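A.B. asks: Have a look at this one.
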Amino acid sequence: MRDGNWQKFWVNMSEEKYRILLSGYIDNELSPDEKQDFEVHLEGCAECRKELESFRKLKEVTGAMKYADIPEQVWEGYWSSLYKRMERGVSWIFISIAAIILLCFGSYHIFIDFFLNSEVPLLLKIGIGCGIFGLIVLLVSILRERLFAKKRDRYDEVSR
Ligand SMILES: [Zn+2]
């Protein structure tokens, strides 16, 4: 290895060391010597200052008491919310397909066998017709509520 490469290698090694000190610095777990060493380095290193700033912000956002608590929490929340969203998305697609098929099939047969059947009294047709209309309105209202709740869930996730 040439001199320039060795120099880069040692710079990288010391940067590694300061990145490790950084988490201890945020959690206030460094010895006074380490703390001073890190603060001196911090003054001359814009990269570490940037890292420190972003870690502090991350700590604020997650409400974690310690930097060490952050990664697991963030990832856990990320995966569980992603999974939940996928799970719900898939289940709603299947329920919607089932509802559309049943509605088409059902309304076709009701129309042929019931409403076009001259043996069924008109009053009964009106009564059943009103019942079906009411069910459709109810279904639409439940769907709207679901959609609204979904939007609110998303808002809660963001504002939490
Ligand atoms: Zn640095």
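Naming works like this for the structure tokens: A, B, ... for the chains as they're shown, residue 1 at the start of each chain, ligands 1 onward in shown order.
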Check which residues fall inside 9 Å of ligand 1 when counting only C-alpha atoms and all ligand atoms, and print them as a PyMOL selection string.
C.D. replies: chain A and resi 14-19+38+41-49+51
A.B. asks: So what do you get for atom CA of Phe148 of chain A versus atom CA of Cys130 of chain A, distance-wise?
C.D. replies: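 About the pair atom CA of Phe148 of chain A and atom CA of Cys130 of chain A: they are 27.0 Å apart.
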A.B. asks: Would you mind listing what lies within 12 Å of segment 96-109 of chain A as a list in words, with only C-alpha atoms counted and same-chain residues fewer than 6 positions away left out?
C.D. replies: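 Once the nearby chain positions are removed, what remains is Arg88, Gly89, Val90, Phe115, Leu116, Asn117, Gly129, Ile132, Phe133, Leu135, Ile136, Leu139, Val140 and Leu143 of chain A.
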A.B. asks: Selection from above, N, CA, C and O atoms, as a PDB file, in the first residue's frame, can you write it?
C.D. replies:
```pdb
ATOM      1  N   ARG A  88     -53.878  -4.931   5.293  1.00  0.00           N
ATOM      2  CA  ARG A  88     -55.190  -4.313   5.150  1.00  0.00           C
ATOM      3  C   ARG A  88     -55.509  -4.049   3.691  1.00  0.00           C
ATOM      4  O   ARG A  88     -56.628  -4.268   3.256  1.00  0.00           O
ATOM      5  N   GLY A  89     -54.524  -3.604   2.946  1.00  0.00           N
ATOM      6  CA  GLY A  89     -54.734  -3.339   1.528  1.00  0.00           C
ATOM      7  C   GLY A  89     -55.187  -4.597   0.814  1.00  0.00           C
ATOM      8  O   GLY A  89     -56.180  -4.586   0.093  1.00  0.00           O
ATOM      9  N   VAL A  90     -54.477  -5.718   1.063  1.00  0.00           N
ATOM     10  CA  VAL A  90     -54.807  -6.985   0.400  1.00  0.00           C
ATOM     11  C   VAL A  90     -56.188  -7.461   0.823  1.00  0.00           C
ATOM     12  O   VAL A  90     -57.004  -7.857  -0.015  1.00  0.00           O
ATOM     13  N   PHE A 115     -88.332  -9.896  -9.419  1.00  0.00           N
ATOM     14  CA  PHE A 115     -89.009  -8.690  -9.922  1.00  0.00           C
ATOM     15  C   PHE A 115     -89.681  -8.915 -11.277  1.00  0.00           C
ATOM     16  O   PHE A 115     -90.654  -8.255 -11.599  1.00  0.00           O
ATOM     17  N   LEU A 116     -89.161  -9.872 -12.076  1.00  0.00           N
ATOM     18  CA  LEU A 116     -89.796 -10.165 -13.369  1.00  0.00           C
ATOM     19  C   LEU A 116     -90.831 -11.283 -13.262  1.00  0.00           C
ATOM     20  O   LEU A 116     -91.443 -11.667 -14.249  1.00  0.00           O
ATOM     21  N   ASN A 117     -91.007 -11.802 -12.038  1.00  0.00           N
ATOM     22  CA  ASN A 117     -91.967 -12.881 -11.829  1.00  0.00           C
ATOM     23  C   ASN A 117     -93.363 -12.287 -11.602  1.00  0.00           C
ATOM     24  O   ASN A 117     -93.606 -11.612 -10.606  1.00  0.00           O
ATOM     25  N   GLY A 129     -87.859  -4.352  -2.582  1.00  0.00           N
ATOM     26  CA  GLY A 129     -87.065  -3.306  -3.253  1.00  0.00           C
ATOM     27  C   GLY A 129     -86.575  -2.263  -2.275  1.00  0.00           C
ATOM     28  O   GLY A 129     -85.395  -1.872  -2.303  1.00  0.00           O
ATOM     29  N   ILE A 132     -83.756  -3.753  -0.130  1.00  0.00           N
ATOM     30  CA  ILE A 132     -82.477  -3.823  -0.862  1.00  0.00           C
ATOM     31  C   ILE A 132     -81.851  -2.440  -0.965  1.00  0.00           C
ATOM     32  O   ILE A 132     -80.643  -2.270  -0.731  1.00  0.00           O
ATOM     33  N   PHE A 133     -82.662  -1.435  -1.259  1.00  0.00           N
ATOM     34  CA  PHE A 133     -82.160  -0.061  -1.360  1.00  0.00           C
ATOM     35  C   PHE A 133     -81.523   0.373  -0.033  1.00  0.00           C
ATOM     36  O   PHE A 133     -80.415   0.931  -0.003  1.00  0.00           O
ATOM     37  N   LEU A 135     -80.257  -1.561   2.291  1.00  0.00           N
ATOM     38  CA  LEU A 135     -79.002  -2.298   2.498  1.00  0.00           C
ATOM     39  C   LEU A 135     -77.856  -1.674   1.702  1.00  0.00           C
ATOM     40  O   LEU A 135     -76.727  -1.564   2.199  1.00  0.00           O
ATOM     41  N   ILE A 136     -78.171  -1.261   0.457  1.00  0.00           N
ATOM     42  CA  ILE A 136     -77.126  -0.646  -0.375  1.00  0.00           C
ATOM     43  C   ILE A 136     -76.644   0.659   0.260  1.00  0.00           C
ATOM     44  O   ILE A 136     -75.434   0.906   0.356  1.00  0.00           O
ATOM     45  N   LEU A 139     -74.449  -0.144   3.182  1.00  0.00           N
ATOM     46  CA  LEU A 139     -73.149  -0.638   2.733  1.00  0.00           C
ATOM     47  C   LEU A 139     -72.243   0.517   2.322  1.00  0.00           C
ATOM     48  O   LEU A 139     -71.069   0.590   2.711  1.00  0.00           O
ATOM     49  N   VAL A 140     -72.829   1.444   1.543  1.00  0.00           N
ATOM     50  CA  VAL A 140     -72.056   2.614   1.085  1.00  0.00           C
ATOM     51  C   VAL A 140     -71.600   3.431   2.290  1.00  0.00           C
ATOM     52  O   VAL A 140     -70.447   3.879   2.365  1.00  0.00           O
ATOM     53  N   LEU A 143     -68.750   1.678   4.053  1.00  0.00           N
ATOM     54  CA  LEU A 143     -67.533   1.822   3.248  1.00  0.00           C
ATOM     55  C   LEU A 143     -66.921   3.211   3.412  1.00  0.00           C
ATOM     56  O   LEU A 143     -65.713   3.358   3.545  1.00  0.00           O
TER      57      LEU A 143
END
```
A.B. asks: Just want the 12 Å neighbourhood of segment 29-36 of chain A, counted on only C-alpha atoms, with same-chain residues fewer than 3 positions away dropped. Output as a PyMOL selection string.
C.D. replies: chain A and resi 17-18+20-26+39-43+66-68
A.B. asks: Can you write out the residues you just picked, keeping N, CA and C atoms, as a PDB file, in the first residue's frame?
C.D. replies:
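And here is the file that came out, out06.pdb:
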```pdb
ATOM      1  N   LYS A  17     -13.887   5.358  14.839  1.00  0.00           N
ATOM      2  CA  LYS A  17     -13.813   5.485  16.297  1.00  0.00           C
ATOM      3  C   LYS A  17     -14.738   6.612  16.767  1.00  0.00           C
ATOM      4  N   TYR A  18     -14.718   7.744  16.023  1.00  0.00           N
ATOM      5  CA  TYR A  18     -15.534   8.872  16.468  1.00  0.00           C
ATOM      6  C   TYR A  18     -17.028   8.634  16.237  1.00  0.00           C
ATOM      7  N   ILE A  20     -18.408   5.790  16.738  1.00  0.00           N
ATOM      8  CA  ILE A  20     -18.807   4.981  17.898  1.00  0.00           C
ATOM      9  C   ILE A  20     -18.933   5.881  19.131  1.00  0.00           C
ATOM     10  N   LEU A  21     -17.954   6.817  19.265  1.00  0.00           N
ATOM     11  CA  LEU A  21     -18.017   7.756  20.395  1.00  0.00           C
ATOM     12  C   LEU A  21     -19.274   8.630  20.324  1.00  0.00           C
ATOM     13  N   LEU A  22     -19.692   8.915  19.095  1.00  0.00           N
ATOM     14  CA  LEU A  22     -20.854   9.792  18.876  1.00  0.00           C
ATOM     15  C   LEU A  22     -22.099   9.294  19.606  1.00  0.00           C
ATOM     16  N   SER A  23     -22.383   7.993  19.485  1.00  0.00           N
ATOM     17  CA  SER A  23     -23.580   7.461  20.144  1.00  0.00           C
ATOM     18  C   SER A  23     -23.444   7.524  21.658  1.00  0.00           C
ATOM     19  N   GLY A  24     -22.222   7.260  22.144  1.00  0.00           N
ATOM     20  CA  GLY A  24     -21.980   7.367  23.585  1.00  0.00           C
ATOM     21  C   GLY A  24     -22.100   8.804  24.065  1.00  0.00           C
ATOM     22  N   TYR A  25     -21.678   9.746  23.177  1.00  0.00           N
ATOM     23  CA  TYR A  25     -21.748  11.168  23.517  1.00  0.00           C
ATOM     24  C   TYR A  25     -23.202  11.612  23.661  1.00  0.00           C
ATOM     25  N   ILE A  26     -24.040  11.169  22.740  1.00  0.00           N
ATOM     26  CA  ILE A  26     -25.456  11.533  22.791  1.00  0.00           C
ATOM     27  C   ILE A  26     -26.124  10.947  24.037  1.00  0.00           C
ATOM     28  N   GLU A  39     -15.134  16.050  21.611  1.00  0.00           N
ATOM     29  CA  GLU A  39     -15.491  17.458  21.390  1.00  0.00           C
ATOM     30  C   GLU A  39     -14.426  18.192  20.574  1.00  0.00           C
ATOM     31  N   VAL A  40     -13.152  17.822  20.833  1.00  0.00           N
ATOM     32  CA  VAL A  40     -12.066  18.422  20.039  1.00  0.00           C
ATOM     33  C   VAL A  40     -12.208  18.009  18.573  1.00  0.00           C
ATOM     34  N   HIS A  41     -12.481  16.724  18.362  1.00  0.00           N
ATOM     35  CA  HIS A  41     -12.651  16.235  16.999  1.00  0.00           C
ATOM     36  C   HIS A  41     -13.857  16.905  16.320  1.00  0.00           C
ATOM     37  N   LEU A  42     -14.911  17.089  17.094  1.00  0.00           N
ATOM     38  CA  LEU A  42     -16.162  17.652  16.575  1.00  0.00           C
ATOM     39  C   LEU A  42     -15.932  19.044  15.973  1.00  0.00           C
ATOM     40  N   GLU A  43     -15.068  19.826  16.647  1.00  0.00           N
ATOM     41  CA  GLU A  43     -14.811  21.191  16.160  1.00  0.00           C
ATOM     42  C   GLU A  43     -14.191  21.195  14.771  1.00  0.00           C
ATOM     43  N   LYS A  66     -32.543   7.158  24.838  1.00  0.00           N
ATOM     44  CA  LYS A  66     -31.145   6.968  24.471  1.00  0.00           C
ATOM     45  C   LYS A  66     -31.025   6.738  22.980  1.00  0.00           C
ATOM     46  N   TYR A  67     -29.873   7.160  22.458  1.00  0.00           N
ATOM     47  CA  TYR A  67     -29.600   6.913  21.045  1.00  0.00           C
ATOM     48  C   TYR A  67     -29.648   5.419  20.766  1.00  0.00           C
ATOM     49  N   ALA A  68     -29.124   4.618  21.713  1.00  0.00           N
ATOM     50  CA  ALA A  68     -29.068   3.170  21.526  1.00  0.00           C
ATOM     51  C   ALA A  68     -30.459   2.568  21.349  1.00  0.00           C
TER      52      ALA A  68
END
```
A.B. asks: Atom CA of Lys125 of chain A and atom CA of Ile95 of chain A, how far apart in Å?
C.D. replies: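 If I compute the distance from atom CA of Ile95 of chain A to atom CA of Lys125 of chain A, I get 28.9 Å.
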